[in-house]
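Single-structure report; data block below.
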Amino acid sequence: MSLDDVSYASLKEQIKALLAGNRIDEATQVLERDLWPSAAPPEDKSRLLAAVLSQMPPDGAAPLLERLRARGDADAVIDSNPKIMFRAAMADYRSGLLKQALDRLDRGARAGDLSPMAEALRADILNRLGRTAEAVTAAIKALDNGLDRSSHIVRLARLLLREGRGREAAAHLEDALRRWPTDETLLKGVNRLLAPPALLAPLYDVARANFHEQALSDRALEELLRLALQMADDETVEKIFARIPSGASALKPLGHDLPPLSTRLLDDLSRQVQTVARPGAVATLVVFPGLRNRFAGLPFHYADSLFEALPVNLIYLRDVANRCFLQGISDLGEGQQETAAGIKRLAATLGAERLVMLGVSIGGFAALRYGALAGASAVLSFSGPTKLYSLIDKPSDAPAVFARWEMGEFGDRTRDVLPDVAASPAMRAILVAGETNEEDVRQARRLEALPNVAIHLMSGVDVHAELPLAAVASGEFHIFLNEALGLDEALGPLDRP
């Protein structure tokens, strides 16, 4: 169909009417079937494509743009409109097509068409491609051009820290904390900053002063609680607990009864590898945290007290690259194989070569992967996935939080630990999931046919992040851990879904 058959004005009104009626699928169909093959000027196609994309969820934008690109002239149409160019770059970014997204944004930069938001996206992509110095320049440009918001300042601070410009990072964050004392996003960003205690201390002082002077939301209090825990400030922790309802805290399975501070370790968020040696250790326990680089919300100097009575050495790991441990731990070796070899060498140095892996959430996936690669005797995983989703291949019924855009950078085999566990029959794998958390149960069930896998479903737990602490509170944590370490009699057949 061409404009000889149906006028462009008619198609334009038809698409607008469909969008006004929230009939996005039909509007998309008319755009693809009728408007796109027509002789309408690129700028006119661009305006209507922008209107369709503005109502389309991100997971629908990428397939649409790919279909249009297949027709040959899509890039000219897309690049003629800065808003569509940004949306197209974002769709590429979410699909893991980072270089394609960067090429598009670079064309916009040369044309002088990048908005501050687009410049910030360009900074993020440059960083993820390892071009950190260029990423800092782009992030500063976005800030100078008006992107003065807490989320962007947090991203800029992370980039500066990665470039070794910690004082500049701290200065930006301290200024932001003084300007926006109740901002939840800002407090969350400070919490996720993998900075040494000396750099965090002045930021914490400002945040703690805000706690005494400002009315903070429960979510902001939760973030401040995490920061106080990281700074090992038990006095402020108790004061925050007095103001935040226990049911609103991610630590609620413990109530307000935290493990005591470790006598052996003061956690440093900037360190990828931290160790604790114990004379007479029978094994080395390797701990893989979740995406926030804590052990179920606890800094390592609180989590370590859970292990102090055990005859084991400890290796605590952090994924500073934020790639779900798929790129390895650079302080131990480049890539997964070298990281596994580094773990083995470090365990031997500590004096106990037998390895047992412990992981929570995404750390459970890593524990299974590196357990298989390093020849561990056992793995204990709490709420750990066995297959990582990208935004493209996430099952439709899986919660969005279980999909990570950066997984698009990795192949399907890299994101699946089932073959690893199957190829390691001597490795005992204990998978623990909340009985009523459908996705966690589904992930565990993928491995249930393997003879070296035991699955335990904990009743009364439906929140993914709460499972490890619920197990601590119930006493089951140490039952499972002793089983993995071989310190107790075998538990016998575990519950299977």
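Residue numbering restarts at 1 for every chain of the structure tokens, chains are lettered A, B, ... in their displayed order, and ligands are numbered from 1 as they appear.
Close contacts of Ala444 (chain A), defined as residues with an atom at most 7 Å away when counting only C-alpha atoms, with chain neighbours fewer than 2 positions off set aside, comprise Thr386, Leu431, Asp440, Val441, Arg442, Arg446, Leu447, Glu448 and Ile455 of chain A.
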Spatial neighbours of Ala429 (chain A), max dist 12 Å, only C-alpha atoms, sep filter under 6 positions, as a count of residues only: 41
Contact residues around Phe300 (chain A) with only C-alpha atoms at 10 Å, ignoring same-chain residues under 2 positions, as a list in words: Leu229, Gln230, Leu261, Ser262, Leu265, Leu266, Asp267, Asp268, Leu269, Gln274, Val287, Pro289, Asn293, Arg294, Phe295, Ala296, Gly297, Leu298, Tyr302, Ala303, Asp304, Ser305, Leu306, Tyr316 and Leu317 of chain A
Based on the selection just made, write C-alpha atoms of those residues as an mmCIF file, in the first residue's frame.
```cif
data_model
loop_
_atom_site.group_PDB
_atom_site.id
_atom_site.type_symbol
_atom_site.label_atom_id
_atom_site.label_comp_id
_atom_site.auth_asym_id
_atom_site.auth_seq_id
_atom_site.Cartn_x
_atom_site.Cartn_y
_atom_site.Cartn_z
ATOM 1 C CA LEU A 229 26.056 -1.147 59.069
ATOM 2 C CA GLN A 230 28.848 -0.715 56.538
ATOM 3 C CA LEU A 261 30.458 -7.517 64.694
ATOM 4 C CA SER A 262 33.271 -9.825 63.658
ATOM 5 C CA LEU A 265 37.445 -8.560 59.810
ATOM 6 C CA LEU A 266 36.530 -4.961 58.992
ATOM 7 C CA ASP A 267 34.910 -4.957 55.568
ATOM 8 C CA ASP A 268 36.335 -2.753 52.818
ATOM 9 C CA LEU A 269 33.946 -2.321 49.882
ATOM 10 C CA GLN A 274 39.325 -10.390 51.581
ATOM 11 C CA VAL A 287 31.572 -16.471 49.968
ATOM 12 C CA PRO A 289 27.528 -11.975 47.761
ATOM 13 C CA ASN A 293 27.971 -6.875 47.125
ATOM 14 C CA ARG A 294 26.756 -7.670 50.626
ATOM 15 C CA PHE A 295 25.836 -10.981 52.216
ATOM 16 C CA ALA A 296 22.023 -10.795 52.224
ATOM 17 C CA GLY A 297 22.238 -7.092 53.084
ATOM 18 C CA LEU A 298 24.965 -7.531 55.704
ATOM 19 C CA TYR A 302 28.633 -8.787 60.325
ATOM 20 C CA ALA A 303 28.316 -11.886 58.143
ATOM 21 C CA ASP A 304 31.718 -13.119 59.314
ATOM 22 C CA SER A 305 30.426 -13.649 62.847
ATOM 23 C CA LEU A 306 28.194 -16.402 61.396
ATOM 24 C CA TYR A 316 35.124 -13.114 50.615
ATOM 25 C CA LEU A 317 34.731 -12.019 46.983
#
```
Selection near region 102-119 of chain A, 12 Å with only C-alpha atoms, sequence-local residues under 2 positions removed, as a PyMOL selection string: chain A and resi 75-76+78-93+96-100+121-129+131+134-149+151-152
Residues of the last selection are to be written out with N, CA and C atoms, as a short mmCIF file (atom, residue, chain, number, x, y, z; two decimals), in the first residue's frame.
```
data_model
loop_
_atom_site.label_atom_id
_atom_site.label_comp_id
_atom_site.auth_asym_id
_atom_site.auth_seq_id
_atom_site.Cartn_x
_atom_site.Cartn_y
_atom_site.Cartn_z
N ASP A 75 17.81 3.72 9.70
CA ASP A 75 18.76 4.56 10.42
C ASP A 75 18.64 6.03 10.01
N ALA A 76 18.39 6.28 8.73
CA ALA A 76 18.23 7.66 8.28
C ALA A 76 17.01 8.30 8.93
N ILE A 78 15.58 7.29 11.82
CA ILE A 78 15.80 7.36 13.26
C ILE A 78 16.72 8.52 13.61
N ASP A 79 17.82 8.66 12.87
CA ASP A 79 18.80 9.69 13.21
C ASP A 79 18.32 11.09 12.89
N SER A 80 17.23 11.21 12.12
CA SER A 80 16.72 12.54 11.79
C SER A 80 15.97 13.17 12.96
N ASN A 81 15.69 12.39 13.98
CA ASN A 81 14.93 12.88 15.14
C ASN A 81 15.71 12.54 16.40
N PRO A 82 16.24 13.54 17.13
CA PRO A 82 17.05 13.25 18.33
C PRO A 82 16.32 12.41 19.37
N LYS A 83 15.02 12.59 19.51
CA LYS A 83 14.28 11.82 20.51
C LYS A 83 14.23 10.35 20.13
N ILE A 84 13.98 10.08 18.83
CA ILE A 84 13.94 8.69 18.38
C ILE A 84 15.34 8.08 18.42
N MET A 85 16.33 8.87 18.06
CA MET A 85 17.70 8.38 18.10
C MET A 85 18.06 7.93 19.51
N PHE A 86 17.65 8.72 20.51
CA PHE A 86 17.91 8.35 21.89
C PHE A 86 17.17 7.06 22.26
N ARG A 87 15.90 6.96 21.85
CA ARG A 87 15.13 5.76 22.16
C ARG A 87 15.72 4.53 21.46
N ALA A 88 16.17 4.72 20.23
CA ALA A 88 16.78 3.60 19.51
C ALA A 88 18.07 3.16 20.18
N ALA A 89 18.88 4.15 20.60
CA ALA A 89 20.12 3.82 21.31
C ALA A 89 19.82 3.10 22.62
N MET A 90 18.77 3.55 23.30
CA MET A 90 18.39 2.89 24.55
C MET A 90 17.93 1.46 24.29
N ALA A 91 17.19 1.25 23.20
CA ALA A 91 16.75 -0.10 22.86
C ALA A 91 17.95 -1.00 22.56
N ASP A 92 18.92 -0.47 21.82
CA ASP A 92 20.15 -1.24 21.55
C ASP A 92 20.85 -1.57 22.86
N TYR A 93 20.95 -0.58 23.73
CA TYR A 93 21.62 -0.73 25.03
C TYR A 93 20.97 -1.82 25.85
N GLY A 96 21.78 -5.28 24.80
CA GLY A 96 23.18 -5.67 24.87
C GLY A 96 24.00 -5.29 23.66
N LEU A 97 23.41 -4.50 22.74
CA LEU A 97 24.12 -4.10 21.52
C LEU A 97 24.84 -2.77 21.79
N LEU A 98 25.85 -2.82 22.63
CA LEU A 98 26.47 -1.59 23.12
C LEU A 98 27.19 -0.81 22.03
N LYS A 99 27.92 -1.49 21.19
CA LYS A 99 28.67 -0.78 20.14
C LYS A 99 27.71 -0.14 19.14
N GLN A 100 26.63 -0.82 18.83
CA GLN A 100 25.63 -0.26 17.92
C GLN A 100 24.99 0.98 18.54
N LEU A 121 23.73 8.54 28.75
CA LEU A 121 23.69 7.16 28.25
C LEU A 121 25.00 6.83 27.53
N ARG A 122 25.49 7.77 26.77
CA ARG A 122 26.77 7.57 26.07
C ARG A 122 27.89 7.33 27.09
N ALA A 123 27.88 8.07 28.18
CA ALA A 123 28.88 7.88 29.24
C ALA A 123 28.80 6.47 29.82
N ASP A 124 27.59 6.01 30.06
CA ASP A 124 27.40 4.68 30.63
C ASP A 124 27.92 3.60 29.69
N ILE A 125 27.64 3.74 28.40
CA ILE A 125 28.09 2.74 27.43
C ILE A 125 29.61 2.76 27.31
N LEU A 126 30.18 3.95 27.25
CA LEU A 126 31.65 4.04 27.19
C LEU A 126 32.29 3.34 28.38
N ASN A 127 31.69 3.53 29.54
CA ASN A 127 32.21 2.87 30.74
C ASN A 127 32.13 1.36 30.61
N ARG A 128 30.99 0.87 30.13
CA ARG A 128 30.81 -0.58 30.02
C ARG A 128 31.69 -1.20 28.94
N LEU A 129 32.16 -0.37 28.03
CA LEU A 129 33.10 -0.84 27.01
C LEU A 129 34.55 -0.66 27.43
N ARG A 131 36.05 2.16 28.35
CA ARG A 131 36.64 3.46 27.98
C ARG A 131 36.27 4.48 29.06
N GLU A 134 36.94 8.45 28.78
CA GLU A 134 35.97 9.10 27.90
C GLU A 134 34.59 9.16 28.56
N ALA A 135 34.26 8.13 29.32
CA ALA A 135 32.98 8.11 30.01
C ALA A 135 32.88 9.24 31.03
N VAL A 136 33.97 9.50 31.74
CA VAL A 136 33.99 10.61 32.72
C VAL A 136 33.74 11.94 32.01
N THR A 137 34.42 12.14 30.88
CA THR A 137 34.25 13.39 30.12
C THR A 137 32.79 13.57 29.69
N ALA A 138 32.17 12.49 29.20
CA ALA A 138 30.78 12.57 28.75
C ALA A 138 29.84 12.81 29.93
N ALA A 139 30.10 12.18 31.06
CA ALA A 139 29.23 12.36 32.24
C ALA A 139 29.32 13.78 32.77
N ILE A 140 30.52 14.34 32.77
CA ILE A 140 30.69 15.73 33.22
C ILE A 140 29.98 16.68 32.26
N LYS A 141 30.07 16.40 30.97
CA LYS A 141 29.38 17.23 29.98
C LYS A 141 27.87 17.19 30.20
N ALA A 142 27.32 16.00 30.49
CA ALA A 142 25.89 15.89 30.76
C ALA A 142 25.50 16.70 31.98
N LEU A 143 26.34 16.67 33.02
CA LEU A 143 26.06 17.45 34.23
C LEU A 143 26.12 18.95 33.92
N ASP A 144 27.14 19.37 33.20
CA ASP A 144 27.30 20.79 32.86
C ASP A 144 26.15 21.29 31.99
N ASN A 145 25.55 20.38 31.21
CA ASN A 145 24.45 20.77 30.32
C ASN A 145 23.08 20.66 30.98
N GLY A 146 23.06 20.42 32.28
CA GLY A 146 21.79 20.51 32.99
C GLY A 146 21.27 19.24 33.64
N LEU A 147 22.00 18.12 33.53
CA LEU A 147 21.52 16.88 34.13
C LEU A 147 21.95 16.84 35.60
N ASP A 148 21.47 17.81 36.36
CA ASP A 148 21.83 17.94 37.77
C ASP A 148 20.79 17.21 38.61
N ARG A 149 20.91 15.89 38.64
CA ARG A 149 20.00 15.07 39.43
C ARG A 149 20.81 14.01 40.16
N SER A 151 20.63 10.77 40.60
CA SER A 151 21.01 9.51 39.95
C SER A 151 22.23 9.70 39.05
N HIS A 152 22.29 10.85 38.35
CA HIS A 152 23.44 11.08 37.47
C HIS A 152 24.69 11.38 38.28
#
```
Per-residue DSSP, region 65-210 of chain A, filtered to alpha helix (DSSP H), as a ChimeraX atom specification: /A:65-69,74-79,82-94,98-110,116-128,132-144,150-162,166-179,184-191,197-210
